[in-house]
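Data block for work_22.txt (compact mmCIF, C-alpha atoms):
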```txt
# COMPACT_ATOMS: atom_id res chain seq x y z
CA MET A 1 26.66 -8.05 -43.12
CA ALA A 2 27.05 -5.06 -40.84
CA GLU A 3 23.86 -3.54 -42.27
CA SER A 4 21.78 -6.51 -41.05
CA LYS A 5 22.78 -6.01 -37.43
CA ARG A 6 20.39 -4.26 -35.08
CA ASP A 7 21.28 -0.98 -33.43
CA TYR A 8 23.02 -1.65 -30.10
CA TYR A 9 20.83 0.84 -28.25
CA GLU A 10 17.76 -0.85 -29.68
CA VAL A 11 19.03 -4.27 -28.62
CA LEU A 12 19.28 -3.13 -24.99
CA GLY A 13 16.15 -1.00 -25.15
CA VAL A 14 17.79 2.24 -24.03
CA GLY A 15 18.23 5.72 -25.47
CA LYS A 16 21.48 7.10 -26.77
CA ASP A 17 21.79 9.26 -23.66
CA ALA A 18 21.72 6.24 -21.30
CA ASP A 19 24.38 6.36 -18.58
CA ASP A 20 26.42 3.41 -17.27
CA ALA A 21 23.85 2.49 -14.62
CA ALA A 22 21.01 2.43 -17.17
CA LEU A 23 23.09 0.31 -19.56
CA LYS A 24 23.95 -2.18 -16.83
CA LYS A 25 20.34 -2.46 -15.68
CA ALA A 26 19.05 -2.93 -19.22
CA TYR A 27 21.66 -5.54 -20.08
CA ARG A 28 21.03 -7.44 -16.87
CA GLN A 29 17.32 -7.73 -17.72
CA VAL A 30 17.93 -8.88 -21.28
CA ALA A 31 20.72 -11.29 -20.30
CA LYS A 32 18.62 -12.87 -17.59
CA LYS A 33 15.68 -13.27 -19.96
CA TYR A 34 17.64 -14.92 -22.77
CA HIS A 35 20.38 -16.70 -20.81
CA PRO A 36 20.99 -20.22 -22.20
CA ASP A 37 20.53 -21.76 -18.76
CA MET A 38 17.04 -20.27 -18.63
CA ASN A 39 16.28 -21.33 -22.23
CA PRO A 40 17.99 -24.71 -22.79
CA GLY A 41 18.08 -25.74 -26.42
CA ASP A 42 16.59 -22.43 -27.65
CA ALA A 43 18.89 -21.25 -30.42
CA GLU A 44 17.00 -17.97 -30.91
CA ALA A 45 17.29 -17.09 -27.20
CA GLU A 46 21.02 -17.86 -27.28
CA LYS A 47 21.40 -15.60 -30.31
CA LYS A 48 19.63 -12.74 -28.56
CA PHE A 49 21.73 -13.30 -25.45
CA LYS A 50 24.95 -13.03 -27.45
CA GLU A 51 23.59 -10.03 -29.35
CA ALA A 52 22.86 -8.23 -26.08
CA SER A 53 26.30 -9.17 -24.71
CA GLU A 54 27.98 -7.73 -27.79
CA ALA A 55 25.96 -4.53 -27.48
CA TYR A 56 26.84 -4.12 -23.83
CA ALA A 57 30.53 -4.86 -24.48
CA VAL A 58 30.64 -1.95 -26.93
CA LEU A 59 28.43 0.58 -25.15
CA SER A 60 29.97 0.02 -21.70
CA ASP A 61 33.42 0.84 -23.06
CA PRO A 62 33.75 4.66 -23.45
CA GLU A 63 36.13 4.49 -26.42
CA LYS A 64 34.18 1.81 -28.30
CA ARG A 65 30.94 3.66 -27.61
CA ARG A 66 32.42 6.86 -29.01
CA GLN A 67 33.46 5.04 -32.18
CA TYR A 68 30.08 3.35 -32.50
CA ASP A 69 28.19 6.60 -32.03
CA GLN A 70 30.29 8.19 -34.77
CA PHE A 71 30.57 5.36 -37.33
CA GLY A 72 27.98 2.76 -36.29
CA HIS A 73 28.75 -0.89 -36.94
CA ALA A 74 31.24 0.15 -39.61
CA ALA A 75 33.62 1.15 -36.80
CA PHE A 76 34.26 -2.54 -36.15
CA GLU A 77 34.20 -3.96 -39.67
CA GLY A 78 37.22 -6.08 -40.36
CA GLY A 79 37.40 -7.11 -36.71
CA ALA A 80 36.07 -10.24 -35.14
CA GLY A 81 32.60 -8.79 -34.75
CA GLY A 82 32.32 -7.22 -38.19
CA ALA A 83 31.26 -10.36 -40.07
CA GLY A 84 27.88 -10.58 -38.38
CA GLY A 85 28.80 -13.40 -35.99
CA PHE A 86 28.98 -12.90 -32.24
CA GLY A 87 31.24 -15.75 -31.25
CA GLY A 88 34.57 -14.04 -31.92
CA PHE A 89 33.70 -10.52 -30.78
CA ASP A 90 36.26 -8.88 -28.54
CA PHE A 91 34.75 -8.57 -25.03
CA SER A 92 38.01 -7.65 -23.35
CA GLY A 93 36.90 -4.13 -22.54
CA ALA A 94 33.70 -5.08 -20.68
CA ASP A 95 33.39 -6.14 -17.05
CA PHE A 96 30.63 -8.78 -16.75
CA SER A 97 31.64 -10.18 -13.36
CA ASP A 98 29.39 -7.93 -11.31
CA ILE A 99 26.38 -8.48 -13.55
CA PHE A 100 26.75 -12.22 -13.89
CA GLY A 101 27.33 -12.62 -10.18
CA ASP A 102 23.86 -11.15 -9.72
CA ILE A 103 22.31 -13.10 -12.58
CA PHE A 104 23.63 -16.46 -11.44
CA GLY A 105 22.59 -15.61 -7.91
CA ASP A 106 19.03 -15.24 -9.19
CA LEU A 107 19.20 -18.34 -11.34
CA PHE A 108 20.74 -20.69 -8.82
CA GLY A 109 19.70 -19.24 -5.47
CA GLY A 110 22.95 -17.58 -4.47
CA GLY A 111 24.75 -14.30 -4.92
CA ARG A 112 28.42 -13.43 -5.14
CA ARG A 113 27.89 -10.45 -2.85
CA GLY A 114 25.46 -12.09 -0.44
CA ARG A 115 26.01 -11.21 3.19
CA ALA A 116 27.22 -13.83 5.60
CA SER A 117 24.07 -15.51 6.80
CA GLN A 118 25.74 -16.67 10.03
CA GLY A 119 25.78 -13.08 11.35
CA PRO A 120 23.04 -11.71 13.62
CA MET A 121 19.78 -11.18 11.75
CA LYS A 122 16.48 -9.70 12.89
CA GLY A 123 13.58 -12.12 13.11
CA MET A 124 10.57 -12.10 10.82
CA ASN A 125 7.64 -9.76 11.52
CA ILE A 126 4.26 -11.17 12.52
CA ARG A 127 1.03 -9.69 11.13
CA LYS A 128 -2.33 -9.66 12.91
CA SER A 129 -5.54 -7.69 12.47
CA VAL A 130 -8.01 -6.21 14.95
CA ARG A 131 -11.52 -4.86 14.34
CA ILE A 132 -12.59 -1.68 16.13
CA THR A 133 -15.62 0.61 16.04
CA PHE A 134 -15.82 3.99 14.34
CA GLU A 135 -15.70 5.77 17.71
CA GLU A 136 -12.71 3.70 18.87
CA ALA A 137 -10.84 4.77 15.75
CA VAL A 138 -11.65 8.41 16.49
CA PHE A 139 -10.72 8.44 20.17
CA GLY A 140 -8.29 5.52 20.42
CA CYS A 141 -8.60 2.41 22.56
CA GLU A 142 -6.80 -0.54 24.13
CA LYS A 143 -7.16 -4.02 22.63
CA GLU A 144 -5.83 -7.39 23.73
CA LEU A 145 -4.68 -9.92 21.14
CA ASP A 146 -3.93 -13.63 21.36
CA VAL A 147 -0.64 -14.22 19.59
CA VAL A 148 1.43 -17.38 19.21
CA LEU A 149 5.10 -16.50 19.71
CA LYS A 150 8.24 -18.60 19.57
CA ASP A 151 10.49 -18.60 22.62
CA SER A 152 13.84 -20.19 23.30
CA CYS A 153 13.38 -23.84 24.25
CA PRO A 154 13.95 -24.13 28.03
CA LYS A 155 15.04 -27.75 27.76
CA CYS A 156 17.96 -27.26 25.35
CA GLY A 157 18.55 -23.57 26.00
CA GLY A 158 17.85 -22.75 22.36
CA THR A 159 20.62 -24.91 20.90
CA GLY A 160 18.22 -27.47 19.44
CA ALA A 161 20.48 -30.28 20.65
CA LYS A 162 19.51 -33.03 23.05
CA PRO A 163 20.58 -32.19 26.64
CA GLY A 164 24.09 -33.49 27.19
CA THR A 165 25.05 -32.98 23.54
CA SER A 166 26.10 -29.95 21.51
CA PRO A 167 25.71 -28.82 17.90
CA GLU A 168 28.66 -29.70 15.66
CA THR A 169 30.44 -27.60 13.09
CA CYS A 170 28.88 -28.16 9.68
CA PRO A 171 31.28 -30.26 7.60
CA LYS A 172 29.95 -28.98 4.28
CA CYS A 173 30.72 -25.30 4.86
CA GLY A 174 33.23 -25.62 7.68
CA GLY A 175 31.11 -23.50 9.96
CA LYS A 176 30.98 -20.53 7.56
CA GLY A 177 27.30 -20.94 6.73
CA GLN A 178 28.07 -20.46 3.05
CA VAL A 179 29.39 -22.58 0.20
CA VAL A 180 30.96 -21.54 -3.08
CA TYR A 181 29.67 -23.02 -6.33
CA THR A 182 31.42 -22.80 -9.68
CA GLN A 183 29.20 -22.22 -12.72
CA GLN A 184 30.29 -22.32 -16.35
CA SER A 185 28.84 -19.41 -18.29
CA PHE A 186 29.12 -18.00 -21.77
CA PHE A 187 32.01 -15.87 -20.54
CA GLY A 188 33.82 -18.55 -18.63
CA THR A 189 33.79 -19.65 -14.99
CA VAL A 190 31.67 -17.74 -12.49
CA GLN A 191 31.79 -18.34 -8.74
CA ASN A 192 28.65 -17.95 -6.69
CA VAL A 193 28.22 -17.88 -2.94
CA GLN A 194 25.13 -19.60 -1.54
CA THR A 195 23.71 -20.35 1.87
CA CYS A 196 24.82 -23.80 2.98
CA PRO A 197 21.94 -26.22 2.32
CA ASP A 198 22.95 -28.54 5.19
CA CYS A 199 23.09 -26.07 8.08
CA HIS A 200 20.90 -23.35 6.47
CA GLY A 201 23.51 -20.71 7.16
CA THR A 202 23.97 -21.40 10.87
CA GLY A 203 27.33 -23.13 10.48
CA LYS A 204 26.15 -25.83 12.93
CA ILE A 205 24.64 -29.29 12.56
CA VAL A 206 22.47 -30.85 15.27
CA ARG A 207 23.03 -34.63 15.29
CA GLU A 208 20.81 -35.46 18.27
CA LYS A 209 17.77 -33.20 18.40
CA CYS A 210 16.00 -31.96 21.50
CA SER A 211 12.76 -33.87 22.04
CA ASP A 212 10.83 -30.75 23.10
CA CYS A 213 11.63 -28.45 20.16
CA GLY A 214 12.59 -31.02 17.51
CA GLY A 215 15.97 -29.40 16.99
CA THR A 216 14.66 -25.95 16.14
CA GLY A 217 15.67 -24.42 19.47
CA TYR A 218 12.24 -22.80 19.85
CA VAL A 219 8.88 -23.68 21.35
CA SER A 220 5.57 -21.93 20.61
CA ASN A 221 3.57 -20.24 23.35
CA ARG A 222 0.22 -18.47 23.20
CA LYS A 223 0.39 -15.03 24.77
CA LYS A 224 -1.91 -12.07 25.31
CA ILE A 225 -0.47 -8.78 24.06
CA SER A 226 -2.00 -5.38 24.80
CA VAL A 227 -2.20 -3.03 21.83
CA SER A 228 -2.67 0.73 22.19
CA ILE A 229 -4.68 1.99 19.22
CA PRO A 230 -3.92 5.72 18.80
CA ALA A 231 -6.72 8.27 18.37
CA GLY A 232 -7.33 9.16 14.73
CA ILE A 233 -6.14 5.88 13.21
CA ASP A 234 -7.80 5.04 9.90
CA ASN A 235 -8.97 1.81 8.31
CA GLY A 236 -6.06 -0.24 6.94
CA GLN A 237 -3.35 1.47 8.98
CA SER A 238 -1.12 -0.60 11.26
CA VAL A 239 0.30 -0.33 14.75
CA ARG A 240 3.86 -1.63 15.20
CA ILE A 241 4.82 -3.32 18.48
CA ARG A 242 8.57 -3.68 18.68
CA GLU A 243 10.21 -7.08 19.22
CA LYS A 244 6.99 -9.09 19.51
CA GLY A 245 7.62 -11.04 16.30
CA GLU A 246 9.70 -14.10 15.43
CA PRO A 247 13.02 -14.68 17.27
CA GLY A 248 16.18 -13.35 15.68
CA VAL A 249 18.87 -15.55 14.16
CA ASN A 250 22.33 -15.92 15.68
CA GLY A 251 21.69 -13.41 18.43
CA GLY A 252 19.74 -10.94 16.30
CA PRO A 253 16.73 -9.04 17.73
CA ARG A 254 13.18 -10.32 17.49
CA GLY A 255 10.98 -9.11 14.68
CA ASP A 256 7.98 -6.83 15.23
CA LEU A 257 4.25 -7.42 15.57
CA LEU A 258 2.29 -5.43 12.98
CA VAL A 259 -1.38 -5.02 13.90
CA GLU A 260 -3.61 -3.90 11.02
CA VAL A 261 -6.70 -1.97 12.08
CA VAL A 262 -10.08 -2.75 10.48
CA VAL A 263 -12.68 -0.05 11.26
CA SER A 264 -16.35 -1.06 11.22
CA ARG A 265 -18.82 1.04 9.23
CA HIS A 266 -20.95 3.53 11.13
CA PRO A 267 -24.71 3.79 10.44
CA ILE A 268 -24.64 7.60 10.40
CA PHE A 269 -21.11 8.90 9.99
CA GLN A 270 -18.70 8.66 7.10
CA ARG A 271 -15.05 9.60 7.27
CA GLN A 272 -12.65 11.19 4.83
CA ASP A 273 -9.18 11.83 6.22
CA MET A 274 -9.76 13.89 9.39
CA HIS A 275 -13.29 15.01 8.49
CA ILE A 276 -16.65 13.41 9.31
CA PHE A 277 -19.75 13.67 7.12
CA SER A 278 -23.41 13.01 7.91
CA THR A 279 -26.90 13.83 6.69
CA VAL A 280 -29.63 15.22 8.96
CA PRO A 281 -33.30 15.35 7.92
CA ILE A 282 -35.37 18.45 8.78
CA SER A 283 -39.04 19.23 8.22
CA PHE A 284 -40.38 21.75 5.72
CA ALA A 285 -41.61 23.95 8.55
CA GLN A 286 -38.18 23.90 10.24
CA ALA A 287 -36.53 24.88 6.97
CA ALA A 288 -39.03 27.63 6.24
CA LEU A 289 -39.49 29.12 9.70
CA GLY A 290 -36.12 28.26 11.23
CA ALA A 291 -35.63 26.10 14.33
CA ASP A 292 -33.15 24.67 16.79
CA ILE A 293 -32.35 21.03 15.94
CA ARG A 294 -30.20 18.34 17.55
CA ILE A 295 -27.29 16.98 15.51
CA LYS A 296 -25.42 13.83 16.52
CA THR A 297 -21.63 14.01 16.55
CA VAL A 298 -18.92 11.71 17.89
CA ASP A 299 -18.81 13.99 20.93
CA GLY A 300 -22.56 13.68 21.54
CA GLU A 301 -25.53 15.80 20.46
CA VAL A 302 -25.14 19.51 19.72
CA ILE A 303 -27.83 22.16 19.23
CA TYR A 304 -27.76 23.88 15.84
CA ASN A 305 -29.95 26.80 14.80
CA VAL A 306 -31.43 26.30 11.34
CA LYS A 307 -31.93 29.68 9.71
CA ALA A 308 -35.35 30.55 8.27
CA GLY A 309 -35.57 29.90 4.54
CA THR A 310 -32.92 27.14 4.57
CA LYS A 311 -32.88 25.16 1.32
CA THR A 312 -32.49 21.40 1.07
CA ASP A 313 -28.91 20.07 0.73
CA THR A 314 -27.57 23.03 2.67
CA LYS A 315 -24.20 22.11 4.18
CA VAL A 316 -23.13 23.27 7.61
CA ARG A 317 -19.75 22.94 9.31
CA LEU A 318 -19.25 21.95 12.92
CA LYS A 319 -15.69 23.06 13.53
CA GLY A 320 -13.44 20.76 15.55
CA LYS A 321 -15.97 17.91 15.69
CA GLY A 322 -14.05 15.67 13.31
CA VAL A 323 -11.24 13.12 13.76
CA PRO A 324 -8.04 13.91 15.70
CA SER A 325 -4.71 13.80 13.91
CA VAL A 326 -2.99 10.48 14.58
CA ARG A 327 0.22 12.46 15.13
CA ASN A 328 -1.28 15.17 17.36
CA SER A 329 -4.55 14.45 19.14
CA GLN A 330 -4.99 18.15 19.90
CA VAL A 331 -5.59 18.83 16.20
CA ARG A 332 -9.01 17.76 14.91
CA GLY A 333 -10.88 17.89 11.64
CA ASP A 334 -14.44 19.15 11.17
CA HIS A 335 -17.88 17.59 10.93
CA TYR A 336 -19.84 18.51 7.80
CA VAL A 337 -23.63 18.08 7.93
CA THR A 338 -25.98 18.11 4.96
CA LEU A 339 -29.49 19.29 5.85
CA VAL A 340 -32.15 17.54 3.78
CA ILE A 341 -35.78 18.66 3.80
CA GLN A 342 -38.07 15.66 4.08
CA THR A 343 -41.47 15.59 2.38
CA PRO A 344 -44.10 13.99 4.65
CA GLU A 345 -45.62 10.84 3.18
CA ARG A 346 -48.69 10.62 5.44
CA LEU A 347 -50.73 13.67 6.39
CA SER A 348 -53.83 14.11 8.54
CA ALA A 349 -56.87 15.95 7.20
CA ASP A 350 -55.98 19.03 9.22
CA ALA A 351 -52.41 18.97 7.91
CA LYS A 352 -53.61 18.67 4.32
CA GLU A 353 -56.01 21.58 4.81
CA ALA A 354 -53.22 23.68 6.31
CA LEU A 355 -51.01 22.97 3.30
CA ARG A 356 -53.81 23.93 0.89
CA ARG A 357 -54.29 27.13 2.83
CA PHE A 358 -50.53 27.76 2.62
CA ASP A 359 -50.55 27.14 -1.12
CA GLU A 360 -53.36 29.66 -1.60
CA LEU A 361 -51.58 32.29 0.45
CA THR A 362 -48.37 31.89 -1.50
CA GLY A 363 -50.16 32.03 -4.84
CA ASN A 364 -49.39 28.42 -5.77
CA THR A 365 -52.85 26.81 -5.83
CA LEU A 366 -53.17 23.08 -6.30
CA ASN A 367 -55.62 23.79 -9.16
CA ALA A 368 -53.26 26.10 -11.01
CA ALA A 369 -53.76 24.23 -14.29
CA SER A 370 -57.44 25.32 -14.42
CA GLY A 371 -56.48 28.99 -14.44
CA SER A 372 -58.40 29.71 -11.22
CA GLY A 373 -55.32 30.82 -9.32
CA ASN A 374 -54.42 34.28 -8.14
CA SER A 375 -55.03 36.93 -10.78
CA GLY A 376 -53.23 39.78 -9.14
CA GLY A 377 -56.05 40.80 -6.74
CA SER A 378 -53.57 42.09 -4.20
CA GLU A 379 -52.37 44.71 -6.64
CA LYS A 380 -55.95 45.98 -7.31
CA SER A 381 -56.75 46.23 -3.64
CA GLY A 382 -53.81 48.50 -3.09
CA LYS A 383 -52.70 46.56 -0.05
CA LYS A 384 -49.04 45.80 0.59
CA LYS A 385 -48.11 42.35 -0.75
CA LYS A 386 -47.22 39.90 2.00
CA GLY A 387 -43.85 38.25 2.00
CA PHE A 388 -43.24 34.50 1.96
CA MET A 389 -42.51 34.29 5.68
CA ASP A 390 -45.64 36.30 6.54
CA LYS A 391 -47.77 33.93 4.52
CA MET A 392 -46.12 30.92 6.17
CA LYS A 393 -46.84 32.21 9.65
CA GLU A 394 -50.44 33.13 8.73
CA ALA A 395 -51.06 29.69 7.28
CA PHE A 396 -49.84 27.86 10.32
CA ASP A 397 -51.48 30.29 12.77
CA ASP A 398 -54.97 29.77 11.30
```
Rendering of file as structure tokens:
Amino acid sequence: MAESKRDYYEVLGVGKDADDAALKKAYRQVAKKYHPDMNPGDAEAEKKFKEASEAYAVLSDPEKRRQYDQFGHAAFEGGAGGAGGFGGFDFSGADFSDIFGDIFGDLFGGGRRGRASQGPMKGMNIRKSVRITFEEAVFGCEKELDVVLKDSCPKCGGTGAKPGTSPETCPKCGGKGQVVYTQQSFFGTVQNVQTCPDCHGTGKIVREKCSDCGGTGYVSNRKKISVSIPAGIDNGQSVRIREKGEPGVNGGPRGDLLVEVVVSRHPIFQRQDMHIFSTVPISFAQAALGADIRIKTVDGEVIYNVKAGTKTDTKVRLKGKGVPSVRNSQVRGDHYVTLVIQTPERLSADAKEALRRFDELTGNTLNAASGSGNSGGSEKSGKKKKGFMDKMKEAFDD
């Protein structure tokens, strides 16, 4: 019955506003998933495959889609597809050749629109990695890598054939590098073009192989390649060296060498994009009284003046002391420093006495819980109350 049939849009998993490209993509996915050749003997998969094919046949045809959108399945009742079976549905309005050329290419290793593999093709890329220091990543460096590269065999000149012989035209493909296979599908006969399995797309067969290269036409050599690491490169980024990869095919260019950079951790600095971050400890006296301190940067030490009364976790910015841009070394990020006040763990008797004296002067006695602290004597005396910095200096001057 027509009522028992699923909505065509639901079958393909698309909305009613789907365009032709979306319909084709959706149908290709469903057809590939439920194709009988991928699910031999599975009656349910075959049913879903035919259901999807019927849906695509209707929705890909503008006139049939208009009728379906207006009347639903009732638009085709009385026709071959109206009785609930898929076998006799009229697919004449749908073009499946393009889709099934792709599907059968995936299923059987070919493709009806595959390019001629005997044409020039670029060689494969080679990947290597190199470890550098934090400073080398910031300022750039030169590294030398040992790489095994394939070169044309000097004995056979790259033909792969024994000296005195020559490669022959492949009899299977006639020198084309491709063969055509015929595949029976649900919709009839489909032709697929595949790379020739005998000559692997070269169009040539080597009967007598070169003893040095084994018929490949290439020999491997270990070489040292200099790599220029640009300033500002970050961990995980790569440097491309043109035409230092695998040899090309049929006169094509060599592939590239891709060198991935691994940056070692730094004991002090951390990096985020073009900025550097670090933490610098300062003493309580330096924070309270102010002082000139030395801060390490990638450019060396710099003198920074800590302002009196600086609080812990204060952040300062050293402009232009960060990482250069990998695209423009004249542009640099900044260095952000967090100043952390350190509490001394070991104190001499004199230091302890000085701190007690400081605590008394600031009104924060160590015995505050007993109630013997300051009781406002400074106000009764009529003297001007000393500020925090005055008390600090008095404590350390005594």
For a quick check of your reading of the model, name the residues lying within 12 Å of the coordinate (7.5, -10.3, 20.1), counting only C-alpha atoms, and write them as JSON, numbers by chain. {"A": [122, 123, 124, 125, 126, 127, 146, 147, 148, 149, 150, 151, 220, 221, 222, 223, 224, 225, 226, 240, 241, 242, 243, 244, 245, 246, 247, 248, 253, 254, 255, 256, 257, 258]}
Pick out the residues sitting within 8 Å of range 160-174 of chain A, and hand them over as an mmCIF file with C-alpha atoms, in the coordinates of the input; count all atoms listed in the file, and ignore anything fewer than 6 positions along from it in its own chain.
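Result file follows (selection.cif):
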```
data_model
loop_
_atom_site.group_PDB
_atom_site.id
_atom_site.type_symbol
_atom_site.label_atom_id
_atom_site.label_comp_id
_atom_site.auth_asym_id
_atom_site.auth_seq_id
_atom_site.Cartn_x
_atom_site.Cartn_y
_atom_site.Cartn_z
ATOM 1 C CA CYS A 153 13.380 -23.840 24.250
ATOM 2 C CA CYS A 196 24.820 -23.800 2.980
ATOM 3 C CA ASP A 198 22.950 -28.540 5.190
ATOM 4 C CA CYS A 199 23.090 -26.070 8.080
ATOM 5 C CA GLY A 203 27.330 -23.130 10.480
ATOM 6 C CA LYS A 204 26.150 -25.830 12.930
ATOM 7 C CA ILE A 205 24.640 -29.290 12.560
ATOM 8 C CA VAL A 206 22.470 -30.850 15.270
ATOM 9 C CA ARG A 207 23.030 -34.630 15.290
ATOM 10 C CA GLU A 208 20.810 -35.460 18.270
ATOM 11 C CA LYS A 209 17.770 -33.200 18.400
ATOM 12 C CA CYS A 210 16.000 -31.960 21.500
ATOM 13 C CA SER A 211 12.760 -33.870 22.040
ATOM 14 C CA CYS A 213 11.630 -28.450 20.160
ATOM 15 C CA GLY A 214 12.590 -31.020 17.510
ATOM 16 C CA GLY A 215 15.970 -29.400 16.990
ATOM 17 C CA THR A 216 14.660 -25.950 16.140
ATOM 18 C CA GLY A 217 15.670 -24.420 19.470
ATOM 19 C CA TYR A 218 12.240 -22.800 19.850
#
```
Could you check how far CA of Tyr304 in chain A sits from CA of Gln330 in chain A, in Å to one decimal?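 Between CA of Tyr304 in chain A and CA of Gln330 in chain A the gap works out to 23.8 Å.
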For Ser4 in chain A, which residue among A:Arg65, A:Lys296, A:Lys315, A:His73 is the nearest when counting all atoms listed in the file?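 That would be A:His73, the residue with the smallest distance to Ser4 in chain A.
Excluding Lys25 in chain A itself and same-chain residues fewer than 5 positions from it, the residues having an atom within 10 Å of it are Leu12, Val14, Asp20, Val30, Ala31 and Ile99 of chain A, counting all atoms listed in the file.
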Using all atoms listed in the file, which residues sit within 6 Å of Val249 in chain A once same-chain residues fewer than 3 positions away are excluded, as a VMD selection string? chain A and resid 120 to 121 252
Could you please determine the separation between CA of Phe134 in chain A and CA of Arg265 in chain A in Å, to one decimal place?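 CA of Phe134 in chain A sits 6.6 Å away from CA of Arg265 in chain A.
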Point-to-point distance from CA of His275 in chain A to CA of Arg332 in chain A, Å rounded to tenths: 8.2 Å
